[in-house]
$ cat structure-v5.pdb   # PDB, C-alpha atoms, pLDDT in the B column
ATOM      1  CA  MET A   3     -50.569  62.269 -93.421  1.00 51.00           C
ATOM      2  CA  MET A   4     -49.734  65.584 -95.124  1.00 50.00           C
ATOM      3  CA  SER A   5     -46.237  66.192 -96.420  1.00 56.00           C
ATOM      4  CA  GLU A   6     -44.272  69.273 -95.391  1.00 56.00           C
ATOM      5  CA  ASN A   7     -44.672  70.728 -98.914  1.00 55.00           C
ATOM      6  CA  SER A   8     -48.447  70.340 -98.917  1.00 47.00           C
ATOM      7  CA  VAL A   9     -48.690  71.966 -95.468  1.00 40.00           C
ATOM      8  CA  GLN A  10     -46.538  74.866 -96.706  1.00 48.00           C
ATOM      9  CA  LEU A  11     -48.742  75.224 -99.808  1.00 43.00           C
ATOM     10  CA  GLU A  12     -51.889  75.204 -97.678  1.00 50.00           C
ATOM     11  CA  VAL A  13     -50.450  77.947 -95.425  1.00 45.00           C
ATOM     12  CA  GLU A  14     -49.420  80.035 -98.458  1.00 60.00           C
ATOM     13  CA  ASN A  15     -52.902  79.686 -99.981  1.00 58.00           C
ATOM     14  CA  HIS A  16     -54.522  80.711 -96.674  1.00 62.00           C
ATOM     15  CA  ASN A  17     -52.197  83.739 -96.392  1.00 82.00           C
ATOM     16  CA  ALA A  18     -52.933  84.761 -99.979  1.00 87.00           C
ATOM     17  CA  SER A  19     -56.665  84.436 -99.316  1.00 89.00           C
ATOM     18  CA  ILE A  20     -56.385  86.638 -96.217  1.00 93.00           C
ATOM     19  CA  GLU A  21     -54.254  89.198 -98.070  1.00 95.00           C
ATOM     20  CA  GLU A  22     -56.691  89.227-100.979  1.00 95.00           C
ATOM     21  CA  ALA A  23     -59.585  89.765 -98.556  1.00 95.00           C
ATOM     22  CA  PHE A  24     -57.805  92.854 -97.216  1.00 97.00           C
ATOM     23  CA  VAL A  25     -56.514  94.356-100.476  1.00 97.00           C
ATOM     24  CA  GLY A  26     -59.498  93.547-102.655  1.00 95.00           C
ATOM     25  CA  LYS A  27     -59.644  93.938-106.410  1.00 91.00           C
ATOM     26  CA  ASN A  28     -55.992  94.786-107.159  1.00 93.00           C
ATOM     27  CA  TYR A  29     -54.396  92.027-105.096  1.00 96.00           C
ATOM     28  CA  THR A  30     -53.623  89.488-107.818  1.00 94.00           C
ATOM     29  CA  THR A  31     -53.197  91.979-110.661  1.00 95.00           C
ATOM     30  CA  TYR A  32     -50.893  94.408-108.836  1.00 97.00           C
ATOM     31  CA  TYR A  33     -49.942  94.041-105.161  1.00 97.00           C
ATOM     32  CA  LYS A  34     -49.132  90.332-105.076  1.00 96.00           C
ATOM     33  CA  LYS A  35     -46.790  90.791-108.049  1.00 96.00           C
ATOM     34  CA  LYS A  36     -45.122  93.864-106.557  1.00 97.00           C
ATOM     35  CA  TRP A  37     -44.661  92.251-103.149  1.00 97.00           C
ATOM     36  CA  ASN A  38     -43.251  89.062-104.720  1.00 96.00           C
ATOM     37  CA  GLU A  39     -40.773  91.166-106.732  1.00 97.00           C
ATOM     38  CA  MET A  40     -39.767  93.005-103.554  1.00 97.00           C
ATOM     39  CA  ASP A  41     -39.260  89.684-101.752  1.00 96.00           C
ATOM     40  CA  GLU A  42     -37.196  88.242-104.598  1.00 97.00           C
ATOM     41  CA  LYS A  43     -34.960  91.324-104.715  1.00 97.00           C
ATOM     42  CA  LYS A  44     -34.916  91.630-100.912  1.00 97.00           C
ATOM     43  CA  ARG A  45     -35.940  95.300-101.182  1.00 97.00           C
ATOM     44  CA  GLN A  46     -38.445  97.572 -99.506  1.00 97.00           C
ATOM     45  CA  THR A  47     -38.910  99.716-102.582  1.00 97.00           C
ATOM     46  CA  SER A  48     -40.949  99.310-105.729  1.00 97.00           C
ATOM     47  CA  TRP A  49     -42.538 102.031-107.809  1.00 98.00           C
ATOM     48  CA  ASN A  50     -46.214 102.926-107.377  1.00 98.00           C
ATOM     49  CA  PHE A  51     -47.380 105.646-109.787  1.00 98.00           C
ATOM     50  CA  ALA A  52     -50.660 106.247-107.956  1.00 97.00           C
ATOM     51  CA  ALA A  53     -48.816 106.754-104.665  1.00 98.00           C
ATOM     52  CA  PHE A  54     -46.365 109.123-106.388  1.00 98.00           C
ATOM     53  CA  PHE A  55     -48.965 111.321-108.069  1.00 98.00           C
ATOM     54  CA  LEU A  56     -51.597 111.256-105.312  1.00 97.00           C
ATOM     55  CA  SER A  57     -49.410 110.796-102.180  1.00 96.00           C
ATOM     56  CA  LEU A  58     -51.586 111.697 -99.171  1.00 96.00           C
ATOM     57  CA  PHE A  59     -54.794 111.057-101.095  1.00 97.00           C
ATOM     58  CA  TRP A  60     -53.577 107.603-102.125  1.00 98.00           C
ATOM     59  CA  LEU A  61     -52.859 106.879 -98.462  1.00 98.00           C
ATOM     60  CA  GLY A  62     -56.426 107.911 -97.638  1.00 98.00           C
ATOM     61  CA  TYR A  63     -57.797 105.845-100.515  1.00 98.00           C
ATOM     62  CA  ARG A  64     -56.011 102.826 -99.016  1.00 98.00           C
ATOM     63  CA  LYS A  65     -57.183 103.723 -95.458  1.00 97.00           C
ATOM     64  CA  MET A  66     -53.697 104.367 -94.101  1.00 98.00           C
ATOM     65  CA  TYR A  67     -54.688 107.234 -91.806  1.00 96.00           C
ATOM     66  CA  ARG A  68     -51.827 106.737 -89.365  1.00 96.00           C
ATOM     67  CA  TYR A  69     -49.307 107.579 -92.094  1.00 96.00           C
ATOM     68  CA  ILE A  70     -51.332 110.652 -93.055  1.00 97.00           C
ATOM     69  CA  PHE A  71     -51.210 112.005 -89.504  1.00 96.00           C
ATOM     70  CA  ILE A  72     -47.489 111.247 -89.218  1.00 95.00           C
ATOM     71  CA  ILE A  73     -46.800 113.076 -92.482  1.00 95.00           C
ATOM     72  CA  MET A  74     -48.971 116.034 -91.486  1.00 94.00           C
ATOM     73  CA  GLY A  75     -47.061 116.248 -88.183  1.00 93.00           C
ATOM     74  CA  LEU A  76     -43.766 116.176 -90.074  1.00 91.00           C
ATOM     75  CA  PHE A  77     -45.068 118.866 -92.433  1.00 91.00           C
ATOM     76  CA  LEU A  78     -45.931 121.062 -89.447  1.00 91.00           C
ATOM     77  CA  ALA A  79     -42.440 120.555 -88.005  1.00 90.00           C
ATOM     78  CA  VAL A  80     -40.827 121.348 -91.367  1.00 88.00           C
ATOM     79  CA  ASP A  81     -43.067 124.411 -91.756  1.00 87.00           C
ATOM     80  CA  LEU A  82     -41.926 125.616 -88.346  1.00 88.00           C
ATOM     81  CA  LEU A  83     -38.264 125.133 -89.290  1.00 86.00           C
ATOM     82  CA  ILE A  84     -38.793 126.906 -92.612  1.00 83.00           C
ATOM     83  CA  PHE A  85     -40.631 129.736 -90.870  1.00 83.00           C
ATOM     84  CA  LEU A  86     -37.781 130.196 -88.392  1.00 84.00           C
ATOM     85  CA  ALA A  87     -34.982 129.833 -90.944  1.00 82.00           C
ATOM     86  CA  ALA A  88     -36.399 131.720 -93.913  1.00 74.00           C
ATOM     87  CA  SER A  89     -38.943 134.140 -92.463  1.00 71.00           C
ATOM     88  CA  GLY A  90     -39.257 137.139 -94.725  1.00 71.00           C
ATOM     89  CA  ASP A  91     -37.931 135.367 -97.816  1.00 78.00           C
ATOM     90  CA  GLU A  92     -41.131 134.220 -99.566  1.00 78.00           C
ATOM     91  CA  GLY A  93     -39.212 132.757-102.523  1.00 82.00           C
ATOM     92  CA  MET A  94     -37.112 130.592-100.231  1.00 80.00           C
ATOM     93  CA  VAL A  95     -40.194 129.415 -98.336  1.00 77.00           C
ATOM     94  CA  MET A  96     -41.915 128.405-101.594  1.00 81.00           C
ATOM     95  CA  ARG A  97     -38.826 126.551-102.882  1.00 86.00           C
ATOM     96  CA  LEU A  98     -38.428 124.685 -99.605  1.00 84.00           C
ATOM     97  CA  ASN A  99     -42.139 123.793 -99.450  1.00 83.00           C
ATOM     98  CA  ASN A 100     -42.052 122.570-103.051  1.00 88.00           C
ATOM     99  CA  SER A 101     -38.949 120.488-102.298  1.00 92.00           C
ATOM    100  CA  VAL A 102     -40.631 118.893 -99.288  1.00 90.00           C
ATOM    101  CA  GLY A 103     -43.749 118.137-101.366  1.00 92.00           C
ATOM    102  CA  MET A 104     -41.671 116.566-104.140  1.00 96.00           C
ATOM    103  CA  GLY A 105     -39.708 114.578-101.570  1.00 96.00           C
ATOM    104  CA  LEU A 106     -42.978 113.239-100.150  1.00 95.00           C
ATOM    105  CA  ALA A 107     -44.203 112.273-103.612  1.00 97.00           C
ATOM    106  CA  VAL A 108     -40.992 110.406-104.438  1.00 98.00           C
ATOM    107  CA  ALA A 109     -40.863 108.691-101.034  1.00 97.00           C
ATOM    108  CA  THR A 110     -44.516 107.642-101.298  1.00 97.00           C
ATOM    109  CA  GLY A 111     -43.958 106.409-104.844  1.00 98.00           C
ATOM    110  CA  LEU A 112     -40.936 104.355-103.779  1.00 98.00           C
ATOM    111  CA  PHE A 113     -42.177 103.067-100.418  1.00 98.00           C
ATOM    112  CA  GLY A 114     -45.965 103.088-100.927  1.00 98.00           C
ATOM    113  CA  ASN A 115     -46.225  99.372-101.689  1.00 98.00           C
ATOM    114  CA  TYR A 116     -44.052  98.566 -98.687  1.00 98.00           C
ATOM    115  CA  MET A 117     -46.092 100.864 -96.424  1.00 98.00           C
ATOM    116  CA  TYR A 118     -49.308  99.285 -97.660  1.00 98.00           C
ATOM    117  CA  ARG A 119     -47.929  95.813 -96.966  1.00 97.00           C
ATOM    118  CA  LEU A 120     -46.957  96.841 -93.410  1.00 97.00           C
ATOM    119  CA  HIS A 121     -50.417  98.319 -92.914  1.00 97.00           C
ATOM    120  CA  MET A 122     -52.059  95.152 -94.228  1.00 97.00           C
ATOM    121  CA  ASN A 123     -49.919  92.886 -92.032  1.00 96.00           C
ATOM    122  CA  LYS A 124     -50.767  94.959 -88.953  1.00 96.00           C
ATOM    123  CA  GLN A 125     -54.497  94.744 -89.705  1.00 96.00           C
ATOM    124  CA  ILE A 126     -54.230  90.983 -90.297  1.00 95.00           C
ATOM    125  CA  GLU A 127     -52.406  90.606 -86.972  1.00 95.00           C
ATOM    126  CA  LEU A 128     -55.035  92.650 -85.094  1.00 95.00           C
ATOM    127  CA  THR A 129     -57.847  90.703 -86.740  1.00 95.00           C
ATOM    128  CA  ALA A 130     -56.252  87.330 -85.954  1.00 93.00           C
ATOM    129  CA  ALA A 131     -55.922  88.408 -82.322  1.00 95.00           C
ATOM    130  CA  SER A 132     -59.615  89.274 -82.133  1.00 96.00           C
ATOM    131  CA  THR A 133     -61.047  86.072 -83.678  1.00 93.00           C
ATOM    132  CA  THR A 134     -59.849  82.659 -84.803  1.00 92.00           C
ATOM    133  CA  ASP A 135     -62.813  82.078 -87.124  1.00 93.00           C
ATOM    134  CA  PRO A 136     -61.437  82.346 -90.703  1.00 90.00           C
ATOM    135  CA  GLU A 137     -64.770  83.539 -92.127  1.00 92.00           C
ATOM    136  CA  LYS A 138     -65.019  86.318 -89.542  1.00 95.00           C
ATOM    137  CA  GLN A 139     -61.397  87.251 -90.168  1.00 94.00           C
ATOM    138  CA  GLU A 140     -61.989  87.594 -93.905  1.00 94.00           C
ATOM    139  CA  ALA A 141     -65.153  89.645 -93.363  1.00 95.00           C
ATOM    140  CA  MET A 142     -63.357  91.942 -90.927  1.00 96.00           C
ATOM    141  CA  LEU A 143     -60.406  92.351 -93.284  1.00 96.00           C
ATOM    142  CA  ARG A 144     -62.666  93.175 -96.226  1.00 95.00           C
ATOM    143  CA  LYS A 145     -64.147  95.964 -94.116  1.00 96.00           C
ATOM    144  CA  LYS A 146     -60.790  97.249 -92.775  1.00 96.00           C
ATOM    145  CA  GLY A 147     -58.995  97.072 -96.100  1.00 96.00           C
ATOM    146  CA  GLY A 148     -59.724  97.723 -99.731  1.00 96.00           C
ATOM    147  CA  ARG A 149     -60.288 101.127-101.224  1.00 96.00           C
ATOM    148  CA  SER A 150     -62.251 104.050 -99.859  1.00 97.00           C
ATOM    149  CA  TRP A 151     -63.409 107.268-101.471  1.00 97.00           C
ATOM    150  CA  PHE A 152     -64.517 108.236 -97.969  1.00 97.00           C
ATOM    151  CA  GLY A 153     -60.833 107.944 -97.025  1.00 97.00           C
ATOM    152  CA  VAL A 154     -59.955 110.428 -99.771  1.00 98.00           C
ATOM    153  CA  VAL A 155     -62.600 112.845 -98.444  1.00 98.00           C
ATOM    154  CA  ASN A 156     -61.172 112.402 -94.927  1.00 97.00           C
ATOM    155  CA  THR A 157     -57.703 113.159 -96.278  1.00 97.00           C
ATOM    156  CA  VAL A 158     -58.981 116.337 -97.942  1.00 98.00           C
ATOM    157  CA  LEU A 159     -60.520 117.407 -94.617  1.00 97.00           C
ATOM    158  CA  ILE A 160     -57.289 116.602 -92.743  1.00 96.00           C
ATOM    159  CA  PHE A 161     -55.342 118.613 -95.315  1.00 95.00           C
ATOM    160  CA  ILE A 162     -57.736 121.563 -94.975  1.00 97.00           C
ATOM    161  CA  GLY A 163     -57.232 121.365 -91.200  1.00 95.00           C
ATOM    162  CA  TYR A 164     -53.471 121.421 -91.748  1.00 94.00           C
ATOM    163  CA  LEU A 165     -53.796 124.497 -93.987  1.00 94.00           C
ATOM    164  CA  ILE A 166     -55.896 126.288 -91.368  1.00 96.00           C
ATOM    165  CA  VAL A 167     -53.400 125.480 -88.615  1.00 93.00           C
ATOM    166  CA  THR A 168     -50.407 126.633 -90.677  1.00 90.00           C
ATOM    167  CA  THR A 169     -52.212 129.801 -91.713  1.00 91.00           C
ATOM    168  CA  VAL A 170     -53.024 130.644 -88.093  1.00 92.00           C
ATOM    169  CA  LEU A 171     -49.528 129.792 -86.841  1.00 86.00           C
ATOM    170  CA  PHE A 172     -47.404 131.163 -89.647  1.00 82.00           C
ATOM    171  CA  GLY A 173     -49.879 133.573 -91.304  1.00 76.00           C
TER     172      GLY A 173
END
$ encode --input "structure-v5.pdb" --output "structure tokens"
Amino acid sequence: MMSENSVQLEVENHNASIEEAFVGKNYTTYYKKKWNEMDEKKRQTSWNFAAFFLSLFWLGYRKMYRYIFIIMGLFLAVDLLIFLAASGDEGMVMRLNNSVGMGLAVATGLFGNYMYRLHMNKQIELTAASTTDPEKQEAMLRKKGGRSWFGVVNTVLIFIGYLIVTTVLFG
């Protein structure tokens, strides 16, 4: 009969294996450490330099498209507010746009690891609901997770679309 501690250890090892299948190469060297630190400190923030410097493109690299679309929608709303509030004052528009961009970079740098963990947990939950076979789950998570240069290209295309829309709307 297994003790409670050995059952807990087995569950933790299974969870780590599933998380590693999703994250890929940087799981043990980066994300596991960051997430453990966040858990120990009971915080949702930890610094991610890649997320800070690359923001939207980091989100695409990590296949977090939902966040990209949310941010692009927020950017459009902010652009509309800026257009209405500061129309005619190009300097003000530039300062406000730069402030919003810097705010995004800081927020992504601070919350990027947390956002990635939420994204991973959601994908694990969806995968577990679709199959109970651990091997299939890991294979599906490897495909859904990891890194993607295609995701960066998609993000560039989404950003170009955003630029076209804002140019047409706010000229």
$ closest_residue --input "structure-v5.pdb" --among "A:Leu143, A:Met104, A:Ile70, A:Leu112" --to "A:Lys36" --atoms "all atoms listed in the file"
A:Leu112
$ atom_distance --input "structure-v5.pdb" --atom1 "atom CA of A:Thr110" --atom2 "atom CA of A:Phe51"
9.2 Å
$ residues_around --input "structure-v5.pdb" --residues "stretch 63-67 of chain A" --least-positions-apart "3" --cutoff "10 Å" --atoms "only C-alpha atoms" --output "mmCIF file with C-alpha atoms, in the frame of the given file"
data_model
loop_
_atom_site.group_PDB
_atom_site.id
_atom_site.type_symbol
_atom_site.label_atom_id
_atom_site.label_comp_id
_atom_site.auth_asym_id
_atom_site.auth_seq_id
_atom_site.Cartn_x
_atom_site.Cartn_y
_atom_site.Cartn_z
ATOM 1 C CA VAL A 25 -56.514 94.356 -100.476
ATOM 2 C CA ALA A 53 -48.816 106.754 -104.665
ATOM 3 C CA LEU A 56 -51.597 111.256 -105.312
ATOM 4 C CA SER A 57 -49.410 110.796 -102.180
ATOM 5 C CA LEU A 58 -51.586 111.697 -99.171
ATOM 6 C CA PHE A 59 -54.794 111.057 -101.095
ATOM 7 C CA TRP A 60 -53.577 107.603 -102.125
ATOM 8 C CA ILE A 70 -51.332 110.652 -93.055
ATOM 9 C CA PHE A 71 -51.210 112.005 -89.504
ATOM 10 C CA ILE A 72 -47.489 111.247 -89.218
ATOM 11 C CA ILE A 73 -46.800 113.076 -92.482
ATOM 12 C CA MET A 117 -46.092 100.864 -96.424
ATOM 13 C CA TYR A 118 -49.308 99.285 -97.660
ATOM 14 C CA HIS A 121 -50.417 98.319 -92.914
ATOM 15 C CA MET A 122 -52.059 95.152 -94.228
ATOM 16 C CA LYS A 146 -60.790 97.249 -92.775
ATOM 17 C CA GLY A 147 -58.995 97.072 -96.100
ATOM 18 C CA GLY A 148 -59.724 97.723 -99.731
ATOM 19 C CA ARG A 149 -60.288 101.127 -101.224
ATOM 20 C CA SER A 150 -62.251 104.050 -99.859
ATOM 21 C CA TRP A 151 -63.409 107.268 -101.471
ATOM 22 C CA PHE A 152 -64.517 108.236 -97.969
ATOM 23 C CA GLY A 153 -60.833 107.944 -97.025
ATOM 24 C CA VAL A 154 -59.955 110.428 -99.771
ATOM 25 C CA VAL A 155 -62.600 112.845 -98.444
ATOM 26 C CA ASN A 156 -61.172 112.402 -94.927
ATOM 27 C CA THR A 157 -57.703 113.159 -96.278
ATOM 28 C CA ILE A 160 -57.289 116.602 -92.743
#
$ closest_residue --input "structure-v5.pdb" --among "A:Ile84, A:Leu61, A:Ala23, A:Ile166" --to "A:Leu98" --atoms "only C-alpha atoms"
A:Ile84
$ residues_around --input "structure-v5.pdb" --residues "A:Glu21" --least-positions-apart "2" --cutoff "10 Å" --atoms "all atoms listed in the file" --output "list in words"
Asn15, His16, Asn17, Ala18, Ser19, Ala23, Phe24, Val25, Gly26, Tyr29, Thr30, Tyr33, Lys34, Arg119, Met122, Asn123, Ile126, Glu140, Leu143, Arg144 and Gly147 of chain A
$ closest_residue --input "structure-v5.pdb" --among "A:Val95, A:Asn115, A:Ile20, A:Phe54" --to "A:Tyr32" --atoms "all atoms listed in the file"
A:Asn115
$ atom_distance --input "structure-v5.pdb" --atom1 "atom CA of A:Leu86" --atom2 "atom CA of A:Gly105"
20.5 Å
$ atom_distance --input "structure-v5.pdb" --atom1 "atom CA of A:Val102" --atom2 "atom CA of A:Tyr116"
20.6 Å
$ closest_residue --input "structure-v5.pdb" --among "A:Leu120, A:Met96, A:Leu83, A:Val108" --to "A:Trp37" --atoms "all atoms listed in the file"
A:Leu120
$ axis_aligned_box --input "structure-v5.pdb" --around "stretch 135-145 of chain A" --padding-each-side "5 Å" --output "AutoDock Vina command-line options"
--center_x -62.8 --center_y 89.0 --center_z -91.7 --size_x 14.7 --size_y 23.9 --size_z 19.1
$ closest_residue --input "structure-v5.pdb" --among "A:Asp81, A:Asp91, A:Glu42, A:Glu22" --to "A:Tyr164" --atoms "all atoms listed in the file"
A:Asp81
$ closest_residue --input "structure-v5.pdb" --among "A:Ser89, A:Leu82, A:Leu76, A:Lys124" --to "A:Leu106" --atoms "all atoms listed in the file"
A:Leu76
